[in-house]
Structure formats: C-alpha cells, structure tokens
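Visitor: Data: run_32.cif, mmCIF, C-alpha atoms.
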```cif
data_data
#
loop_
_atom_site.label_atom_id
_atom_site.label_comp_id
_atom_site.auth_asym_id
_atom_site.auth_seq_id
_atom_site.Cartn_x
_atom_site.Cartn_y
_atom_site.Cartn_z
CA MET A 10 0.00 0.00 0.00
CA ASP A 11 1.32 3.41 -0.89
CA LYS A 12 1.72 5.99 1.82
CA THR A 13 -0.89 8.70 2.09
CA TYR A 14 -0.35 11.72 4.29
CA LYS A 15 -2.70 14.29 5.76
CA ALA A 16 -1.12 17.76 5.60
CA ILE A 17 -2.78 20.26 7.95
CA PHE A 18 -2.00 23.95 7.45
CA THR A 19 -3.08 26.30 10.25
CA CYS A 20 -2.76 30.05 10.63
CA PRO A 21 -4.25 31.20 13.97
CA GLU A 22 -3.97 34.89 13.09
CA TYR A 23 -6.46 34.54 10.20
CA ASN A 24 -8.32 31.58 11.71
CA GLU A 25 -7.39 29.42 8.72
CA ARG A 26 -7.20 25.65 8.55
CA GLU A 27 -6.57 23.79 5.30
CA VAL A 28 -6.31 20.03 4.96
CA TRP A 29 -4.66 18.34 1.99
CA TYR A 30 -4.34 14.62 1.34
CA VAL A 31 -1.04 14.02 -0.42
CA SER A 32 1.07 11.08 -1.51
CA SER A 33 4.45 12.30 -0.23
CA ARG A 34 6.17 14.88 1.92
CA HIS A 35 7.38 16.57 -1.24
CA GLU A 36 3.79 17.02 -2.45
CA ALA A 37 2.84 18.48 0.93
CA ARG A 38 5.62 21.06 0.62
CA LYS A 39 4.41 21.95 -2.89
CA MET A 40 0.86 22.50 -1.62
CA LEU A 41 2.15 24.73 1.17
CA ASN A 42 4.19 26.78 -1.30
CA ARG A 43 1.19 27.20 -3.61
CA HIS A 44 -0.86 28.44 -0.69
CA ILE A 45 1.72 30.89 0.72
CA PHE A 46 3.61 32.25 -2.29
CA ARG A 47 2.23 34.43 -5.05
CA PRO A 48 1.66 32.61 -8.36
CA GLY A 49 4.76 32.63 -10.57
CA SER A 50 6.86 34.34 -7.94
CA THR A 51 9.16 33.57 -5.02
CA ASN A 52 7.63 36.34 -2.89
CA VAL A 53 5.45 35.46 0.07
CA ARG A 54 1.91 36.83 -0.04
CA ALA A 55 1.54 40.00 2.01
CA ARG A 56 -0.86 38.47 4.53
CA TYR A 57 1.60 35.71 5.48
CA ARG A 58 4.76 37.84 5.76
CA LYS A 59 4.41 38.54 9.49
CA ALA A 60 1.82 35.92 10.38
CA GLU A 61 2.73 32.72 12.15
CA TYR A 62 1.60 29.54 10.44
CA GLU A 63 2.23 25.86 10.88
CA MET A 64 1.95 22.69 8.83
CA GLN A 65 1.62 19.23 10.35
CA LEU A 66 2.11 16.07 8.35
CA LYS A 67 0.50 12.88 9.60
CA PRO A 68 0.38 9.44 7.97
CA MET A 69 -3.17 8.36 7.15
CA PHE A 70 -2.66 4.62 7.63
CA VAL A 71 -0.40 2.70 9.98
CA ARG A 72 0.82 -0.65 8.71
CA ASP A 73 0.53 -3.37 11.34
CA GLY A 74 1.63 -6.73 9.92
CA TRP A 75 -0.55 -7.66 6.97
CA ILE A 76 -3.26 -5.07 7.43
CA ALA A 77 -3.40 -1.29 7.31
CA ILE A 78 -5.22 0.40 10.17
CA ASP A 79 -6.74 3.85 10.09
CA PRO A 80 -5.25 5.63 13.19
CA ARG A 81 -8.32 7.82 13.80
#
```
Spit out the file's structure as structure tokens when you get a sec.

Guide:
Amino acid sequence: MDKTYKAIFTCPEYNEREVWYVSSRHEARKMLNRHIFRPGSTNVRARYRKAEYEMQLKPMFVRDGWIAIDPR
C-alpha cells in the first residue's frame, strides 16, 4: 500500500485551517508553497509575511503486519 499523508495547514492569526491529502512529503511542501507564495513568484503573499503559520504532516494509515489500520 502506498503511503498517504494528511497535511494540515493552520494560521491562527487569520483563523485558517486547510487540509490536503497528499502522496508524499514533497507534495505536501508543494501544496504549502502554492498556498503561501504568489503565483509565478518567489515572494510570500503579504498576509503571510508577518503571520505565524504551521503545517503538520500525519500518515493516514499505519501498517501493522498484513493489514493497514486507520489511526483515527
């Protein structure tokens, strides 16, 4: 079974919470960059320049022997 991750982006200052289901840590980083940076640029969007934000990455399934268990 391929790994699936749940990427959770939170920004308490703007009361934002985004959840993405991705196939790798690299894809999670790409989703975060698309959300924070301006399109076609390496500049951070103005609203996120001084705001604190966080991204957590959690595996969706835990492999236990022959079966995969949903950790929720």

Visitor: Can you spell out as a list in words the set of residues that the PyMOL selection byres ((chain A and resi 37) around 12) selects in the structure I just provided?

Guide: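 Given this file, the PyMOL selection byres ((chain A and resi 37) around 12) evaluates to Thr13, Tyr14, Lys15, Ala16, Ile17, Phe18, Glu27, Val28, Trp29, Tyr30, Val31, Ser32, Ser33, Arg34, His35, Glu36, Arg38, Lys39, Met40, Leu41, Asn42, Arg43, His44, Met64, Gln65, Leu66, Lys67 and Pro68 of chain A.
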
Visitor: Mind pulling up the distance from atom CA of A:Thr51 to atom CA of A:Lys12?

Guide: 29.4 Å

Visitor: By how many Å are atom CA of A:Val53 and atom CA of A:Glu25 apart?

Guide: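 Separation between atom CA of A:Val53 and atom CA of A:Glu25: 16.6 Å.
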
Visitor: What's the separation between atom CA of A:Pro21 and atom CA of A:Arg58, in Å to one decimal place?

Guide: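 If I compute the distance from atom CA of A:Pro21 to atom CA of A:Arg58, I get 13.9 Å.
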
Visitor: Where does the PyMOL selection byres ((chain A and resi 61) around 10) land in this file, that is, which residues does it pick, as a PyMOL selection string?

Guide: chain A and resi 19-23+57-60+62-63
